[in-house]
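> My structure is stored as data-v9.cif, with mmCIF, N, CA and C atoms.
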data_data
#
loop_
_atom_site.label_atom_id
_atom_site.label_comp_id
_atom_site.auth_asym_id
_atom_site.auth_seq_id
_atom_site.Cartn_x
_atom_site.Cartn_y
_atom_site.Cartn_z
N MET V 1 -13.46 -7.53 -0.41
CA MET V 1 -12.80 -6.89 0.73
C MET V 1 -11.89 -7.90 1.44
N PRO V 2 -10.79 -7.42 2.00
CA PRO V 2 -9.88 -8.34 2.70
C PRO V 2 -10.50 -8.85 3.99
N GLN V 3 -10.33 -10.12 4.24
CA GLN V 3 -10.83 -10.72 5.47
C GLN V 3 -9.83 -10.57 6.62
N VAL V 4 -8.52 -10.52 6.27
CA VAL V 4 -7.46 -10.45 7.27
C VAL V 4 -6.57 -9.26 6.95
N GLY V 5 -6.32 -8.44 7.96
CA GLY V 5 -5.39 -7.33 7.82
C GLY V 5 -4.17 -7.59 8.68
N GLU V 6 -3.06 -7.02 8.32
CA GLU V 6 -1.83 -7.25 9.08
C GLU V 6 -1.14 -5.93 9.36
N ILE V 7 -0.73 -5.75 10.59
CA ILE V 7 0.04 -4.57 10.97
C ILE V 7 1.51 -4.93 10.83
N GLY V 8 2.24 -4.13 10.09
CA GLY V 8 3.66 -4.36 9.89
C GLY V 8 4.47 -3.67 10.97
N GLN V 9 5.70 -3.40 10.67
CA GLN V 9 6.57 -2.74 11.63
C GLN V 9 6.05 -1.34 11.92
N ASN V 10 6.07 -1.00 13.18
CA ASN V 10 5.67 0.34 13.60
C ASN V 10 6.45 0.68 14.85
N CYS V 11 6.69 1.96 15.04
CA CYS V 11 7.43 2.37 16.23
C CYS V 11 7.18 3.84 16.51
N ILE V 12 7.54 4.24 17.70
CA ILE V 12 7.49 5.64 18.12
C ILE V 12 8.92 6.03 18.47
N ILE V 13 9.38 7.14 17.95
CA ILE V 13 10.76 7.56 18.24
C ILE V 13 10.91 7.81 19.74
N PRO V 14 12.09 7.55 20.28
CA PRO V 14 12.31 7.62 21.73
C PRO V 14 11.82 8.91 22.40
N LEU V 15 11.99 10.05 21.77
CA LEU V 15 11.58 11.32 22.36
C LEU V 15 10.08 11.36 22.68
N HIS V 16 9.28 10.61 21.94
CA HIS V 16 7.83 10.68 22.09
C HIS V 16 7.21 9.41 22.67
N ARG V 17 8.01 8.52 23.20
CA ARG V 17 7.48 7.31 23.82
C ARG V 17 6.85 7.62 25.17
N SER V 18 5.98 6.73 25.62
CA SER V 18 5.27 6.84 26.91
C SER V 18 4.34 8.04 26.96
N LYS V 19 3.82 8.44 25.81
CA LYS V 19 2.86 9.54 25.74
C LYS V 19 1.52 9.08 25.15
N GLY V 20 1.40 7.78 24.91
CA GLY V 20 0.15 7.25 24.38
C GLY V 20 0.06 7.21 22.86
N TYR V 21 1.11 7.65 22.17
CA TYR V 21 1.06 7.68 20.71
C TYR V 21 1.02 6.29 20.09
N GLY V 22 1.72 5.34 20.68
CA GLY V 22 1.71 3.98 20.15
C GLY V 22 0.32 3.38 20.18
N LYS V 23 -0.36 3.56 21.30
CA LYS V 23 -1.72 3.04 21.43
C LYS V 23 -2.66 3.75 20.45
N MET V 24 -2.51 5.07 20.32
CA MET V 24 -3.35 5.80 19.37
C MET V 24 -3.10 5.33 17.94
N GLN V 25 -1.84 5.04 17.63
CA GLN V 25 -1.47 4.55 16.30
C GLN V 25 -2.19 3.23 16.00
N ILE V 26 -2.15 2.31 16.93
CA ILE V 26 -2.78 1.00 16.73
C ILE V 26 -4.30 1.14 16.67
N GLN V 27 -4.87 1.97 17.53
CA GLN V 27 -6.32 2.17 17.50
C GLN V 27 -6.78 2.76 16.16
N LYS V 28 -6.00 3.67 15.60
CA LYS V 28 -6.33 4.25 14.30
C LYS V 28 -6.28 3.19 13.20
N VAL V 29 -5.28 2.34 13.24
CA VAL V 29 -5.18 1.26 12.24
C VAL V 29 -6.39 0.33 12.35
N ILE V 30 -6.80 0.01 13.58
CA ILE V 30 -7.98 -0.84 13.77
C ILE V 30 -9.21 -0.18 13.16
N GLU V 31 -9.37 1.11 13.39
CA GLU V 31 -10.51 1.83 12.82
C GLU V 31 -10.49 1.79 11.29
N LEU V 32 -9.31 1.93 10.70
CA LEU V 32 -9.21 1.86 9.24
C LEU V 32 -9.57 0.47 8.73
N PHE V 33 -9.16 -0.56 9.44
CA PHE V 33 -9.52 -1.92 9.04
C PHE V 33 -11.03 -2.13 9.17
N LYS V 34 -11.66 -1.54 10.17
CA LYS V 34 -13.12 -1.66 10.32
C LYS V 34 -13.83 -1.09 9.10
N ILE V 35 -13.36 0.05 8.62
CA ILE V 35 -13.96 0.69 7.45
C ILE V 35 -13.87 -0.23 6.23
N LYS V 36 -12.79 -0.98 6.13
CA LYS V 36 -12.59 -1.88 4.99
C LYS V 36 -13.23 -3.25 5.19
N SER V 37 -14.01 -3.40 6.25
CA SER V 37 -14.71 -4.66 6.55
C SER V 37 -13.78 -5.84 6.79
N THR V 38 -12.60 -5.55 7.30
CA THR V 38 -11.66 -6.61 7.67
C THR V 38 -12.22 -7.33 8.89
N ARG V 39 -12.03 -8.64 8.96
CA ARG V 39 -12.59 -9.42 10.06
C ARG V 39 -11.57 -9.70 11.16
N ILE V 40 -10.30 -9.86 10.79
CA ILE V 40 -9.25 -10.18 11.77
C ILE V 40 -8.02 -9.33 11.44
N VAL V 41 -7.42 -8.74 12.48
CA VAL V 41 -6.17 -8.00 12.32
C VAL V 41 -5.08 -8.80 13.03
N LYS V 42 -3.96 -9.01 12.35
CA LYS V 42 -2.86 -9.78 12.92
C LYS V 42 -1.63 -8.90 13.09
N VAL V 43 -0.85 -9.22 14.10
CA VAL V 43 0.42 -8.54 14.33
C VAL V 43 1.37 -9.52 15.01
N THR V 44 2.64 -9.39 14.73
CA THR V 44 3.66 -10.25 15.32
C THR V 44 4.75 -9.39 15.92
N THR V 45 5.23 -9.78 17.07
CA THR V 45 6.34 -9.08 17.71
C THR V 45 7.28 -10.11 18.33
N GLY V 46 8.39 -9.64 18.82
CA GLY V 46 9.37 -10.54 19.41
C GLY V 46 9.18 -10.72 20.90
N GLU V 47 9.72 -11.82 21.41
CA GLU V 47 9.65 -12.13 22.83
C GLU V 47 10.72 -11.38 23.62
N HIS V 48 11.75 -10.90 22.95
CA HIS V 48 12.85 -10.19 23.60
C HIS V 48 12.32 -9.01 24.43
N PRO V 49 12.94 -8.71 25.57
CA PRO V 49 12.48 -7.60 26.42
C PRO V 49 12.34 -6.25 25.69
N PHE V 50 13.11 -6.04 24.62
CA PHE V 50 12.98 -4.81 23.85
C PHE V 50 11.55 -4.58 23.38
N PHE V 51 10.80 -5.67 23.14
CA PHE V 51 9.45 -5.59 22.59
C PHE V 51 8.35 -5.54 23.66
N ILE V 52 8.70 -5.48 24.92
CA ILE V 52 7.69 -5.43 25.98
C ILE V 52 6.71 -4.27 25.78
N PRO V 53 7.16 -3.05 25.48
CA PRO V 53 6.18 -1.97 25.27
C PRO V 53 5.19 -2.28 24.14
N ALA V 54 5.67 -2.86 23.06
CA ALA V 54 4.77 -3.20 21.95
C ALA V 54 3.76 -4.24 22.39
N ARG V 55 4.22 -5.25 23.11
CA ARG V 55 3.29 -6.30 23.57
C ARG V 55 2.23 -5.71 24.49
N LYS V 56 2.62 -4.80 25.37
CA LYS V 56 1.66 -4.16 26.27
C LYS V 56 0.62 -3.35 25.49
N ILE V 57 1.07 -2.66 24.46
CA ILE V 57 0.14 -1.87 23.64
C ILE V 57 -0.86 -2.78 22.94
N TYR V 58 -0.37 -3.86 22.33
CA TYR V 58 -1.29 -4.75 21.61
C TYR V 58 -2.33 -5.34 22.56
N LEU V 59 -1.89 -5.77 23.72
CA LEU V 59 -2.83 -6.34 24.69
C LEU V 59 -3.82 -5.28 25.17
N SER V 60 -3.36 -4.06 25.41
CA SER V 60 -4.25 -3.01 25.90
C SER V 60 -5.26 -2.58 24.83
N CYS V 61 -4.95 -2.83 23.57
CA CYS V 61 -5.86 -2.50 22.48
C CYS V 61 -6.83 -3.64 22.16
N GLY V 62 -6.72 -4.74 22.87
CA GLY V 62 -7.65 -5.85 22.68
C GLY V 62 -7.15 -7.02 21.88
N PHE V 63 -5.88 -7.02 21.50
CA PHE V 63 -5.31 -8.17 20.80
C PHE V 63 -5.14 -9.32 21.78
N THR V 64 -5.22 -10.54 21.28
CA THR V 64 -4.96 -11.72 22.11
C THR V 64 -3.84 -12.54 21.45
N GLU V 65 -3.02 -13.12 22.30
CA GLU V 65 -1.95 -13.98 21.80
C GLU V 65 -2.57 -15.27 21.28
N VAL V 66 -2.18 -15.64 20.05
CA VAL V 66 -2.74 -16.84 19.45
C VAL V 66 -1.72 -17.95 19.24
N SER V 67 -0.44 -17.58 19.13
CA SER V 67 0.58 -18.61 18.96
C SER V 67 1.97 -17.99 19.11
N ARG V 68 2.95 -18.89 19.14
CA ARG V 68 4.36 -18.49 19.18
C ARG V 68 5.12 -19.34 18.18
N SER V 69 6.17 -18.78 17.65
CA SER V 69 7.03 -19.52 16.73
C SER V 69 8.46 -19.04 16.93
N TYR V 70 9.38 -19.63 16.22
CA TYR V 70 10.79 -19.29 16.36
C TYR V 70 11.35 -18.91 15.00
N THR V 71 12.16 -17.88 14.97
CA THR V 71 12.85 -17.50 13.74
C THR V 71 14.35 -17.48 13.99
N ARG V 72 15.09 -17.79 12.97
CA ARG V 72 16.56 -17.73 13.07
C ARG V 72 17.07 -16.33 12.70
N LYS V 73 16.19 -15.50 12.19
CA LYS V 73 16.58 -14.13 11.85
C LYS V 73 16.98 -13.38 13.11
N PHE V 74 17.78 -12.36 12.95
CA PHE V 74 18.20 -11.49 14.05
C PHE V 74 18.92 -12.26 15.15
N GLY V 75 19.60 -13.34 14.80
CA GLY V 75 20.31 -14.12 15.80
C GLY V 75 19.45 -15.12 16.53
N GLY V 76 18.22 -15.31 16.09
CA GLY V 76 17.29 -16.24 16.72
C GLY V 76 16.38 -15.54 17.71
N MET V 77 15.09 -15.75 17.57
CA MET V 77 14.15 -15.09 18.45
C MET V 77 12.80 -15.81 18.43
N GLU V 78 12.17 -15.85 19.59
CA GLU V 78 10.80 -16.34 19.65
C GLU V 78 9.88 -15.20 19.21
N LEU V 79 8.93 -15.52 18.37
CA LEU V 79 7.95 -14.55 17.89
C LEU V 79 6.60 -14.82 18.56
N ILE V 80 5.90 -13.76 18.86
CA ILE V 80 4.58 -13.86 19.47
C ILE V 80 3.57 -13.31 18.46
N HIS V 81 2.56 -14.10 18.14
CA HIS V 81 1.55 -13.74 17.15
C HIS V 81 0.25 -13.38 17.86
N TYR V 82 -0.30 -12.22 17.51
CA TYR V 82 -1.54 -11.72 18.12
C TYR V 82 -2.61 -11.54 17.06
N GLU V 83 -3.87 -11.59 17.50
CA GLU V 83 -4.99 -11.30 16.61
C GLU V 83 -6.00 -10.42 17.34
N TYR V 84 -6.67 -9.62 16.53
CA TYR V 84 -7.77 -8.78 17.01
C TYR V 84 -8.96 -9.09 16.12
N LYS V 85 -10.05 -9.54 16.70
CA LYS V 85 -11.22 -9.91 15.89
C LYS V 85 -12.19 -8.75 15.84
N LEU V 86 -12.56 -8.38 14.63
CA LEU V 86 -13.47 -7.25 14.40
C LEU V 86 -14.91 -7.71 14.24
N VAL V 87 -15.16 -8.98 14.31
CA VAL V 87 -16.51 -9.53 14.09
C VAL V 87 -17.33 -9.39 15.36
#
Can the structure from this file be put into structure tokens for me?

Amino acid sequence: MPQVGEIGQNCIIPLHRSKGYGKMQIQKVIELFKIKSTRIVKVTTGEHPFFIPARKIYLSCGFTEVSRSYTRKFGGMELIHYEYKLV
């Protein structure tokens, strides 16, 4: 069984934002990882203000910030790395 799971890109279309769907989406993914006996779930997002809603959702779901890094992709951006421990 995988020890580490990773959440990739995810989003809610603008018409349905601020209705709790993003949080429900992340909670469902966490539940699926629990079934697979995953121990840690990781997700990365950007520091840019565009990503504030995503960061709020991850924190509200119990993720903790573990590190930051920098990428030159997308014109350069600081990345924020989060983890959720299932143990």
> Report the residues retrieved by the PyMOL selection byres ((chain V and resi 77-85) around 5) from the displayed file, expressed as a VMD selection string.
chain V and resid 39 to 47 63 to 71 75 to 76 86 to 87
> In Å, rounded to a single decimal, give me how far atom N of Met24 in chain V is from CA of Gln9 in chain V.
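Atom-to-atom, CA of Gln9 in chain V to atom N of Met24 in chain V, that is 14.8 Å.
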> I need the residues in range 20-77 of chain V that are alpha helix (DSSP H) according to DSSP; give them as a PDB file with N, CA and C atoms, in the coordinates of the input.

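Saved the output as part_23.pdb:
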ATOM      1  N   TYR V  21       1.110   7.650  22.170  1.00  0.00           N
ATOM      2  CA  TYR V  21       1.060   7.680  20.710  1.00  0.00           C
ATOM      3  C   TYR V  21       1.020   6.290  20.090  1.00  0.00           C
ATOM      4  N   GLY V  22       1.720   5.340  20.680  1.00  0.00           N
ATOM      5  CA  GLY V  22       1.710   3.980  20.150  1.00  0.00           C
ATOM      6  C   GLY V  22       0.320   3.380  20.180  1.00  0.00           C
ATOM      7  N   LYS V  23      -0.360   3.560  21.300  1.00  0.00           N
ATOM      8  CA  LYS V  23      -1.720   3.040  21.430  1.00  0.00           C
ATOM      9  C   LYS V  23      -2.660   3.750  20.450  1.00  0.00           C
ATOM     10  N   MET V  24      -2.510   5.070  20.320  1.00  0.00           N
ATOM     11  CA  MET V  24      -3.350   5.800  19.370  1.00  0.00           C
ATOM     12  C   MET V  24      -3.100   5.330  17.940  1.00  0.00           C
ATOM     13  N   GLN V  25      -1.840   5.040  17.630  1.00  0.00           N
ATOM     14  CA  GLN V  25      -1.470   4.550  16.300  1.00  0.00           C
ATOM     15  C   GLN V  25      -2.190   3.230  16.000  1.00  0.00           C
ATOM     16  N   ILE V  26      -2.150   2.310  16.930  1.00  0.00           N
ATOM     17  CA  ILE V  26      -2.780   1.000  16.730  1.00  0.00           C
ATOM     18  C   ILE V  26      -4.300   1.140  16.670  1.00  0.00           C
ATOM     19  N   GLN V  27      -4.870   1.970  17.530  1.00  0.00           N
ATOM     20  CA  GLN V  27      -6.320   2.170  17.500  1.00  0.00           C
ATOM     21  C   GLN V  27      -6.780   2.760  16.160  1.00  0.00           C
ATOM     22  N   LYS V  28      -6.000   3.670  15.600  1.00  0.00           N
ATOM     23  CA  LYS V  28      -6.330   4.250  14.300  1.00  0.00           C
ATOM     24  C   LYS V  28      -6.280   3.190  13.200  1.00  0.00           C
ATOM     25  N   VAL V  29      -5.280   2.340  13.240  1.00  0.00           N
ATOM     26  CA  VAL V  29      -5.180   1.260  12.240  1.00  0.00           C
ATOM     27  C   VAL V  29      -6.390   0.330  12.350  1.00  0.00           C
ATOM     28  N   ILE V  30      -6.800   0.010  13.580  1.00  0.00           N
ATOM     29  CA  ILE V  30      -7.980  -0.840  13.770  1.00  0.00           C
ATOM     30  C   ILE V  30      -9.210  -0.180  13.160  1.00  0.00           C
ATOM     31  N   GLU V  31      -9.370   1.110  13.390  1.00  0.00           N
ATOM     32  CA  GLU V  31     -10.510   1.830  12.820  1.00  0.00           C
ATOM     33  C   GLU V  31     -10.490   1.790  11.290  1.00  0.00           C
ATOM     34  N   LEU V  32      -9.310   1.930  10.700  1.00  0.00           N
ATOM     35  CA  LEU V  32      -9.210   1.860   9.240  1.00  0.00           C
ATOM     36  C   LEU V  32      -9.570   0.470   8.730  1.00  0.00           C
ATOM     37  N   PHE V  33      -9.160  -0.560   9.440  1.00  0.00           N
ATOM     38  CA  PHE V  33      -9.520  -1.920   9.040  1.00  0.00           C
ATOM     39  C   PHE V  33     -11.030  -2.130   9.170  1.00  0.00           C
ATOM     40  N   LYS V  34     -11.660  -1.540  10.170  1.00  0.00           N
ATOM     41  CA  LYS V  34     -13.120  -1.660  10.320  1.00  0.00           C
ATOM     42  C   LYS V  34     -13.830  -1.090   9.100  1.00  0.00           C
ATOM     43  N   ILE V  35     -13.360   0.050   8.620  1.00  0.00           N
ATOM     44  CA  ILE V  35     -13.960   0.690   7.450  1.00  0.00           C
ATOM     45  C   ILE V  35     -13.870  -0.230   6.230  1.00  0.00           C
ATOM     46  N   ILE V  52       8.700  -5.480  24.920  1.00  0.00           N
ATOM     47  CA  ILE V  52       7.690  -5.430  25.980  1.00  0.00           C
ATOM     48  C   ILE V  52       6.710  -4.270  25.780  1.00  0.00           C
ATOM     49  N   PRO V  53       7.160  -3.050  25.480  1.00  0.00           N
ATOM     50  CA  PRO V  53       6.180  -1.970  25.270  1.00  0.00           C
ATOM     51  C   PRO V  53       5.190  -2.280  24.140  1.00  0.00           C
ATOM     52  N   ALA V  54       5.670  -2.860  23.060  1.00  0.00           N
ATOM     53  CA  ALA V  54       4.770  -3.200  21.950  1.00  0.00           C
ATOM     54  C   ALA V  54       3.760  -4.240  22.390  1.00  0.00           C
ATOM     55  N   ARG V  55       4.220  -5.250  23.110  1.00  0.00           N
ATOM     56  CA  ARG V  55       3.290  -6.300  23.570  1.00  0.00           C
ATOM     57  C   ARG V  55       2.230  -5.710  24.490  1.00  0.00           C
ATOM     58  N   LYS V  56       2.620  -4.800  25.370  1.00  0.00           N
ATOM     59  CA  LYS V  56       1.660  -4.160  26.270  1.00  0.00           C
ATOM     60  C   LYS V  56       0.620  -3.350  25.490  1.00  0.00           C
ATOM     61  N   ILE V  57       1.070  -2.660  24.460  1.00  0.00           N
ATOM     62  CA  ILE V  57       0.140  -1.870  23.640  1.00  0.00           C
ATOM     63  C   ILE V  57      -0.860  -2.780  22.940  1.00  0.00           C
ATOM     64  N   TYR V  58      -0.370  -3.860  22.330  1.00  0.00           N
ATOM     65  CA  TYR V  58      -1.290  -4.750  21.610  1.00  0.00           C
ATOM     66  C   TYR V  58      -2.330  -5.340  22.560  1.00  0.00           C
ATOM     67  N   LEU V  59      -1.890  -5.770  23.720  1.00  0.00           N
ATOM     68  CA  LEU V  59      -2.830  -6.340  24.690  1.00  0.00           C
ATOM     69  C   LEU V  59      -3.820  -5.280  25.170  1.00  0.00           C
ATOM     70  N   SER V  60      -3.360  -4.060  25.410  1.00  0.00           N
ATOM     71  CA  SER V  60      -4.250  -3.010  25.900  1.00  0.00           C
ATOM     72  C   SER V  60      -5.260  -2.580  24.830  1.00  0.00           C
TER      73      SER V  60
END
> Can you tell me which residues surround Gln27 in chain V at a distance of at most 12 Å, considering only C-alpha atoms, apart from same-chain residues fewer than 2 positions away, and format the answer as a PyMOL selection string?
chain V and resi 7+20-25+29-34+41+57-63+84
> Could you give me, as an MDAnalysis selection string, each residue of chain V that DSSP assigns to strand (DSSP E) when run on this structure's backbone?
chainID V and resid 4:6 40:46 64:71 77:85
> One decimal, in Å: what's the spacing between CA of Phe51 in chain V and atom N of Cys11 in chain V?
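Computing the Euclidean distance for CA of Phe51 in chain V and atom N of Cys11 in chain V yields 11.0 Å.
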> Quote the spacing between CA of Ile13 in chain V and CA of Arg72 in chain V in Å to one decimal place.
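Computing the Euclidean distance for CA of Ile13 in chain V and CA of Arg72 in chain V yields 26.5 Å.
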